[in-house]
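**Student:** Just dropping this structure here.
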Amino acid sequence: MSRLVELEANGPRKLDADDLDEQKGDVAICQCGLAETFPFCDGSHRKTRDEAPDKRYVYDEDGTRAVVDRVVRDNDSE
Ligand code: FES
């Protein structure tokens, strides 16, 4: 499984002590790319639980999911 994610940031997000979850004492960083609170995990990764290992996905802003067969770049030639 994999998924295509669009990110707009063009630099690092530096974490500090204020980013710690006071109750858990840790910081959960999103690795699925779907968090509304990116770079922090908000539980959105649950949407990926039933992704097939051999498929690539894209998620729309409303949470709907589609399988992507291939990626075509502007400079790709056939
Ligand atoms: S890992 Fe992405 S929302 Fe949790």
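To be explicit about the labels: the chains of the structure tokens are called A, B, and onward in the order shown, and within each one the residues are counted from 1, while ligands get numbers from 1 in the order they are shown.
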Check which residues fall inside 9 Å of ligand 1 when counting only C-alpha atoms and all ligand atoms, and print them as a list in words.

**Tutor:**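 For ligand 1, the residues inside 9 Å are Ala28, Ile29, Cys30, Gln31, Cys32, Gly33, Leu34, Ala35, Glu36, Thr37, Phe38, Pro39, Phe40, Cys41, Asp42, Gly43, Ser44, His45, Arg46 and Lys47 of chain A.
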
**Student:** To one decimal in Å, tell me the separation between atom CA of A:Ala52 and atom CA of A:Glu6.

**Tutor:**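 Atom-to-atom, atom CA of A:Ala52 and atom CA of A:Glu6 are spaced 20.7 Å apart.
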
**Student:** Choose the residue, out of A:Thr64, A:Asp54, A:Asn75, A:Asp69, that has the smallest atom-to-atom separation from A:Ser2; count only C-alpha atoms.

**Tutor:**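 Comparing A:Thr64, A:Asp54, A:Asn75, A:Asp69 against A:Ser2, the winner is A:Asp54.
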
**Student:** If you run DSSP on the backbone here, which positions in chain A get strand (DSSP E)? Please write them as JSON, numbers by chain.

**Tutor:** {"A": [2, 3, 4, 56, 57, 58, 59, 65, 66, 67]}

**Student:** List as a ChimeraX atom specification the protein and nucleic acid residues near A:Val68, meaning an atom at most 12 Å away when only C-alpha atoms are counted, but skip any in the same chain fewer than 6 places from it.

**Tutor:** /A:1-4,54-59

**Student:** I need the chosen residues saved as an mmCIF file, in the first residue's frame, with N, CA and C atoms.

**Tutor:**
data_model
loop_
_atom_site.group_PDB
_atom_site.id
_atom_site.type_symbol
_atom_site.label_atom_id
_atom_site.label_comp_id
_atom_site.auth_asym_id
_atom_site.auth_seq_id
_atom_site.Cartn_x
_atom_site.Cartn_y
_atom_site.Cartn_z
ATOM 1 N N MET A 1 0.831 -1.181 0.000
ATOM 2 C CA MET A 1 0.000 0.000 0.000
ATOM 3 C C MET A 1 0.869 1.236 0.000
ATOM 4 N N SER A 2 0.386 2.243 -0.638
ATOM 5 C CA SER A 2 0.999 3.564 -0.571
ATOM 6 C C SER A 2 -0.085 4.556 -0.912
ATOM 7 N N ARG A 3 0.187 5.812 -0.678
ATOM 8 C CA ARG A 3 -0.792 6.837 -1.027
ATOM 9 C C ARG A 3 -0.076 8.092 -1.470
ATOM 10 N N LEU A 4 -0.733 8.813 -2.366
ATOM 11 C CA LEU A 4 -0.197 10.070 -2.858
ATOM 12 C C LEU A 4 -0.704 11.185 -1.955
ATOM 13 N N ASP A 54 -0.889 -4.002 -2.430
ATOM 14 C CA ASP A 54 -0.382 -3.815 -3.788
ATOM 15 C C ASP A 54 -1.063 -2.656 -4.527
ATOM 16 N N LYS A 55 -1.731 -1.781 -3.806
ATOM 17 C CA LYS A 55 -2.438 -0.652 -4.435
ATOM 18 C C LYS A 55 -1.852 0.677 -3.991
ATOM 19 N N ARG A 56 -2.067 1.705 -4.818
ATOM 20 C CA ARG A 56 -1.663 3.076 -4.504
ATOM 21 C C ARG A 56 -2.954 3.898 -4.460
ATOM 22 N N TYR A 57 -3.097 4.745 -3.452
ATOM 23 C CA TYR A 57 -4.345 5.463 -3.222
ATOM 24 C C TYR A 57 -4.142 6.975 -3.224
ATOM 25 N N VAL A 58 -5.235 7.662 -3.499
ATOM 26 C CA VAL A 58 -5.293 9.102 -3.300
ATOM 27 C C VAL A 58 -6.581 9.374 -2.535
ATOM 28 N N TYR A 59 -6.522 10.307 -1.578
ATOM 29 C CA TYR A 59 -7.675 10.661 -0.754
ATOM 30 C C TYR A 59 -8.080 12.092 -1.069
#

**Student:** Quick one: pull the distance between atom CA of A:Asp50 and atom CA of A:Arg70, Å, one decimal.

**Tutor:**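 Straight-line distance from atom CA of A:Asp50 to atom CA of A:Arg70 works out to 20.1 Å.
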
**Student:** Between atom CA of A:Leu7 and atom CA of A:Glu51, measure the distance and give it in Å to one decimal.

**Tutor:**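 Straight-line distance from atom CA of A:Leu7 to atom CA of A:Glu51 works out to 21.0 Å.
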
**Student:** Could you find all residues in chain A that DSSP calls helix (DSSP H, G or I) from the backbone, and write them as a list of chain:residue names?

**Tutor:**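 The helix (DSSP H, G or I) residues within chain A come out as A:Ala17, A:Asp18, A:Asp19, A:Ser44, A:His45, A:Arg46, A:Lys47, A:Thr48.
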
**Student:** Kindly export the residues of the current selection with N, CA, C and O atoms, as a compact mmCIF listing (two decimals), in the first residue's frame.

**Tutor:**
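Now in out.txt:
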# COMPACT_ATOMS: atom_id res chain seq x y z
N ALA A 17 8.76 22.11 23.18
CA ALA A 17 8.09 21.52 24.34
C ALA A 17 6.58 21.74 24.30
O ALA A 17 5.81 20.92 24.83
N ASP A 18 6.11 22.81 23.68
CA ASP A 18 4.67 23.07 23.60
C ASP A 18 3.94 22.04 22.75
O ASP A 18 2.71 21.92 22.82
N ASP A 19 4.66 21.31 21.91
CA ASP A 19 4.05 20.29 21.06
C ASP A 19 3.77 18.98 21.80
O ASP A 19 3.08 18.12 21.27
N SER A 44 -6.46 10.19 11.68
CA SER A 44 -6.93 9.98 10.30
C SER A 44 -6.34 8.74 9.66
O SER A 44 -6.88 8.22 8.67
N HIS A 45 -5.24 8.23 10.19
CA HIS A 45 -4.61 7.02 9.63
C HIS A 45 -5.56 5.82 9.68
O HIS A 45 -5.35 4.85 8.97
N ARG A 46 -6.60 5.91 10.50
CA ARG A 46 -7.56 4.79 10.58
C ARG A 46 -8.22 4.54 9.23
O ARG A 46 -8.66 3.43 8.94
N LYS A 47 -8.29 5.58 8.39
CA LYS A 47 -8.89 5.43 7.06
C LYS A 47 -8.07 4.47 6.19
O LYS A 47 -8.57 3.96 5.19
N THR A 48 -6.83 4.21 6.54
CA THR A 48 -5.94 3.41 5.70
C THR A 48 -5.94 1.93 6.09
O THR A 48 -5.27 1.13 5.45
